[in-house]
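Coordinates from final26.cif are shown below (mmCIF, N, CA and C atoms).
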data_target
loop_
_atom_site.label_atom_id
_atom_site.label_comp_id
_atom_site.auth_asym_id
_atom_site.auth_seq_id
_atom_site.Cartn_x
_atom_site.Cartn_y
_atom_site.Cartn_z
N MET A 104 53.78 118.33 103.58
CA MET A 104 53.47 117.62 104.79
C MET A 104 52.41 118.39 105.54
N TYR A 105 51.35 117.71 105.94
CA TYR A 105 50.31 118.30 106.77
C TYR A 105 50.63 117.97 108.22
N SER A 106 50.59 118.99 109.06
CA SER A 106 50.98 118.81 110.46
C SER A 106 50.18 119.73 111.36
N ARG A 107 50.54 119.71 112.63
CA ARG A 107 49.94 120.65 113.59
C ARG A 107 50.97 120.90 114.69
N ALA A 108 50.77 121.96 115.43
CA ALA A 108 51.67 122.32 116.52
C ALA A 108 51.57 121.31 117.64
N ASP A 109 52.62 121.21 118.41
CA ASP A 109 52.67 120.33 119.58
C ASP A 109 52.38 118.88 119.24
N CYS A 110 52.94 118.42 118.14
CA CYS A 110 52.75 117.06 117.66
C CYS A 110 54.13 116.41 117.55
N HIS A 111 54.43 115.49 118.46
CA HIS A 111 55.76 114.87 118.45
C HIS A 111 55.99 114.04 117.19
N LEU A 112 54.95 113.41 116.66
CA LEU A 112 55.12 112.67 115.40
C LEU A 112 55.40 113.61 114.24
N CYS A 113 54.83 114.81 114.29
CA CYS A 113 55.09 115.81 113.26
C CYS A 113 56.56 116.25 113.32
N ASP A 114 57.08 116.40 114.53
CA ASP A 114 58.49 116.78 114.67
C ASP A 114 59.39 115.71 114.06
N GLU A 115 59.09 114.45 114.33
CA GLU A 115 59.88 113.35 113.76
C GLU A 115 59.75 113.31 112.24
N ALA A 116 58.53 113.45 111.75
CA ALA A 116 58.29 113.41 110.31
C ALA A 116 58.98 114.57 109.60
N ARG A 117 58.95 115.74 110.21
CA ARG A 117 59.59 116.92 109.63
C ARG A 117 61.07 116.65 109.37
N ALA A 118 61.73 116.04 110.34
CA ALA A 118 63.16 115.73 110.19
C ALA A 118 63.39 114.75 109.05
N VAL A 119 62.55 113.72 108.95
CA VAL A 119 62.69 112.73 107.88
C VAL A 119 62.43 113.37 106.52
N VAL A 120 61.35 114.12 106.41
CA VAL A 120 61.00 114.75 105.13
C VAL A 120 62.10 115.72 104.71
N ALA A 121 62.59 116.52 105.63
CA ALA A 121 63.65 117.49 105.31
C ALA A 121 64.91 116.77 104.82
N ALA A 122 65.30 115.70 105.48
CA ALA A 122 66.51 114.97 105.09
C ALA A 122 66.35 114.30 103.73
N VAL A 123 65.22 113.62 103.53
CA VAL A 123 64.99 112.92 102.26
C VAL A 123 64.89 113.91 101.11
N CYS A 124 64.19 115.02 101.32
CA CYS A 124 64.05 116.02 100.25
C CYS A 124 65.39 116.68 99.94
N ALA A 125 66.19 116.94 100.96
CA ALA A 125 67.52 117.52 100.73
C ALA A 125 68.37 116.57 99.90
N GLU A 126 68.34 115.29 100.24
CA GLU A 126 69.11 114.29 99.50
C GLU A 126 68.64 114.19 98.05
N ALA A 127 67.34 114.33 97.83
CA ALA A 127 66.77 114.21 96.49
C ALA A 127 66.82 115.53 95.71
N GLY A 128 67.20 116.61 96.39
CA GLY A 128 67.22 117.91 95.72
C GLY A 128 65.83 118.47 95.49
N GLU A 129 64.89 118.09 96.34
CA GLU A 129 63.50 118.51 96.20
C GLU A 129 63.13 119.52 97.27
N THR A 130 62.19 120.38 96.96
CA THR A 130 61.66 121.29 97.95
C THR A 130 60.41 120.67 98.55
N TRP A 131 60.00 121.17 99.70
CA TRP A 131 58.79 120.68 100.33
C TRP A 131 58.17 121.81 101.11
N GLN A 132 56.93 121.62 101.48
CA GLN A 132 56.25 122.62 102.29
C GLN A 132 55.45 121.93 103.38
N GLU A 133 55.26 122.67 104.45
CA GLU A 133 54.50 122.16 105.58
C GLU A 133 53.25 123.01 105.74
N ILE A 134 52.13 122.36 105.95
CA ILE A 134 50.86 123.04 106.10
C ILE A 134 50.27 122.69 107.46
N ASP A 135 49.98 123.71 108.25
CA ASP A 135 49.38 123.53 109.57
C ASP A 135 47.89 123.32 109.39
N ILE A 136 47.41 122.13 109.69
CA ILE A 136 45.99 121.84 109.45
C ILE A 136 45.08 122.66 110.35
N ASP A 137 45.59 123.09 111.50
CA ASP A 137 44.75 123.85 112.43
C ASP A 137 44.39 125.24 111.92
N ALA A 138 45.06 125.67 110.86
CA ALA A 138 44.77 126.98 110.27
C ALA A 138 43.56 126.93 109.33
N GLU A 139 43.08 125.72 109.04
CA GLU A 139 41.98 125.56 108.08
C GLU A 139 41.01 124.48 108.57
N PRO A 140 39.81 124.86 108.96
CA PRO A 140 38.85 123.88 109.48
C PRO A 140 38.62 122.67 108.55
N ALA A 141 38.64 122.89 107.26
CA ALA A 141 38.43 121.77 106.33
C ALA A 141 39.57 120.75 106.43
N LEU A 142 40.77 121.23 106.67
CA LEU A 142 41.91 120.32 106.82
C LEU A 142 41.82 119.56 108.14
N VAL A 143 41.36 120.22 109.19
CA VAL A 143 41.17 119.54 110.47
C VAL A 143 40.14 118.43 110.29
N GLU A 144 39.08 118.72 109.57
CA GLU A 144 38.05 117.71 109.33
C GLU A 144 38.60 116.56 108.49
N ARG A 145 39.42 116.88 107.50
CA ARG A 145 39.96 115.86 106.60
C ARG A 145 41.00 114.97 107.28
N TYR A 146 41.93 115.59 108.03
CA TYR A 146 43.05 114.83 108.59
C TYR A 146 42.91 114.51 110.07
N GLY A 147 42.21 115.34 110.83
CA GLY A 147 41.99 115.08 112.25
C GLY A 147 43.24 114.68 112.99
N GLU A 148 43.21 113.49 113.57
CA GLU A 148 44.34 112.99 114.36
C GLU A 148 45.33 112.17 113.52
N TYR A 149 45.18 112.17 112.21
CA TYR A 149 46.06 111.37 111.36
C TYR A 149 47.34 112.09 110.95
N VAL A 150 47.61 113.25 111.51
CA VAL A 150 48.83 113.96 111.18
C VAL A 150 50.03 113.35 111.89
N PRO A 151 51.19 113.46 111.31
CA PRO A 151 51.49 114.10 110.05
C PRO A 151 51.06 113.24 108.86
N VAL A 152 50.73 113.91 107.79
CA VAL A 152 50.40 113.25 106.53
C VAL A 152 51.36 113.80 105.49
N VAL A 153 51.98 112.90 104.74
CA VAL A 153 52.90 113.30 103.68
C VAL A 153 52.28 112.96 102.34
N GLU A 154 52.26 113.95 101.46
CA GLU A 154 51.79 113.75 100.09
C GLU A 154 52.89 114.13 99.12
N VAL A 155 52.94 113.43 98.01
CA VAL A 155 53.83 113.77 96.90
C VAL A 155 52.97 113.85 95.66
N ASP A 156 52.99 115.00 95.03
CA ASP A 156 52.18 115.22 93.82
C ASP A 156 50.72 114.88 94.07
N GLY A 157 50.21 115.23 95.26
CA GLY A 157 48.81 115.03 95.58
C GLY A 157 48.43 113.62 95.99
N VAL A 158 49.40 112.72 96.08
CA VAL A 158 49.14 111.33 96.46
C VAL A 158 49.70 111.09 97.85
N GLN A 159 48.83 110.65 98.76
CA GLN A 159 49.26 110.40 100.13
C GLN A 159 50.28 109.28 100.17
N GLN A 160 51.39 109.53 100.84
CA GLN A 160 52.46 108.54 100.97
C GLN A 160 52.46 107.88 102.34
N GLY A 161 51.73 108.44 103.27
CA GLY A 161 51.67 107.84 104.59
C GLY A 161 51.23 108.86 105.62
N PHE A 162 51.00 108.36 106.83
CA PHE A 162 50.64 109.24 107.93
C PHE A 162 51.24 108.67 109.20
N TRP A 163 51.27 109.46 110.24
CA TRP A 163 51.86 109.17 111.54
C TRP A 163 53.37 108.98 111.46
N ARG A 164 53.84 107.91 110.88
CA ARG A 164 55.28 107.64 110.76
C ARG A 164 55.66 107.69 109.27
N VAL A 165 56.69 108.45 108.96
CA VAL A 165 57.12 108.59 107.58
C VAL A 165 58.21 107.56 107.30
N ASP A 166 58.01 106.78 106.27
CA ASP A 166 58.99 105.79 105.83
C ASP A 166 59.95 106.49 104.87
N ALA A 167 61.17 106.73 105.33
CA ALA A 167 62.16 107.48 104.54
C ALA A 167 62.45 106.79 103.20
N ALA A 168 62.59 105.48 103.21
CA ALA A 168 62.90 104.75 101.97
C ALA A 168 61.76 104.87 100.97
N ARG A 169 60.55 104.74 101.44
CA ARG A 169 59.38 104.86 100.54
C ARG A 169 59.31 106.27 99.96
N LEU A 170 59.51 107.27 100.80
CA LEU A 170 59.47 108.64 100.33
C LEU A 170 60.57 108.89 99.30
N ALA A 171 61.76 108.39 99.56
CA ALA A 171 62.86 108.57 98.61
C ALA A 171 62.55 107.91 97.27
N ARG A 172 61.98 106.71 97.31
CA ARG A 172 61.61 106.04 96.06
C ARG A 172 60.58 106.85 95.29
N ARG A 173 59.61 107.39 96.00
CA ARG A 173 58.55 108.18 95.33
C ARG A 173 59.11 109.44 94.74
N LEU A 174 60.04 110.07 95.43
CA LEU A 174 60.64 111.30 94.91
C LEU A 174 61.54 111.04 93.70
N ALA A 175 61.98 109.81 93.55
CA ALA A 175 62.83 109.44 92.41
C ALA A 175 62.01 109.23 91.14
N ARG A 176 60.70 109.29 91.26
CA ARG A 176 59.81 109.09 90.11
C ARG A 176 59.23 110.43 89.68
N PRO A 177 58.99 110.58 88.38
CA PRO A 177 58.34 111.81 87.91
C PRO A 177 56.86 111.80 88.27
N PRO A 178 56.19 112.96 88.18
CA PRO A 178 54.75 112.97 88.41
C PRO A 178 54.07 111.93 87.51
N GLY A 179 53.12 111.23 88.04
CA GLY A 179 52.45 110.17 87.29
C GLY A 179 52.83 108.80 87.80
N GLY A 180 53.94 108.73 88.55
CA GLY A 180 54.28 107.51 89.24
C GLY A 180 55.20 106.54 88.56
N LYS A 181 55.56 106.75 87.29
CA LYS A 181 56.45 105.80 86.62
C LYS A 181 57.90 106.11 86.96
N LYS A 182 58.69 105.05 87.06
CA LYS A 182 60.10 105.20 87.39
C LYS A 182 60.83 106.00 86.31
N LYS A 183 61.80 106.81 86.76
CA LYS A 183 62.67 107.49 85.81
C LYS A 183 63.63 106.45 85.22
N THR A 184 63.94 106.63 83.95
CA THR A 184 64.88 105.68 83.33
C THR A 184 66.13 106.39 82.90
#
Take the structure in the file and write it out as structure tokens.
Amino acid sequence: MYSRADCHLCDEARAVVAAVCAEAGETWQEIDIDAEPALVERYGEYVPVVEVDGVQQGFWRVDAARLARRLARPPGGKKKT
């Protein structure tokens, strides 16, 4: 998850990502975009941004159901069988 300090949407997204990842048994990491000028340029005011396996899953508001579905798939995007 890409975020920044003092961002209320980031606080909400953090809670959703943490809960969904815990349920799925997945780890996650948070990256402060303000620590890297290139990330500020890339994401600007669109934080929080959630990516799974390098694919953006959304920004501003995190859809827990969508994130859970994506985490249920292996890298490459195909459903697990």
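Each of A:Ile136, A:Val155, A:Ala141, A:Ala171 was compared to Tyr105 (chain A) using only C-alpha atoms, and A:Ile136 turns out to be the nearest.
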Return the single residue from A:Val119, A:Cys113, A:Ala108, A:Ala127 that is closest to Arg176 (chain A), with distances computed using only C-alpha atoms.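 Among A:Val119, A:Cys113, A:Ala108, A:Ala127, it is A:Ala127 that comes nearest to Arg176 (chain A).
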Between CA of Ala116 (chain A) and CA of Val165 (chain A), distance in Å (one decimal):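 Going from CA of Ala116 (chain A) over to CA of Val165 (chain A), I get 5.7 Å.
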Interatomic distance (Å, one decimal) between CA of Glu133 (chain A) and CA of Arg172 (chain A):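 One can read the CA of Glu133 (chain A) to CA of Arg172 (chain A) distance as 20.0 Å.
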Report the residues of chain A whose backbone DSSP state falls under alpha helix (DSSP H), written as a ChimeraX atom specification. /A:111-127,140-146,167-174
Taking the file as shown, what set of residues would the PyMOL selection byres (((chain A and resi 124 and name CA) around 12) and name CA) give back, as a list in words? Met104, Ala116, Arg117, Ala118, Val119, Val120, Ala121, Ala122, Val123, Ala125, Glu126, Ala127, Gly128, Glu129, Thr130, Trp131, Gln132, Val153, Val155, Ala167, Ala168, Leu170, Ala171, Arg172, Arg173, Leu174 and Ala175 of chain A
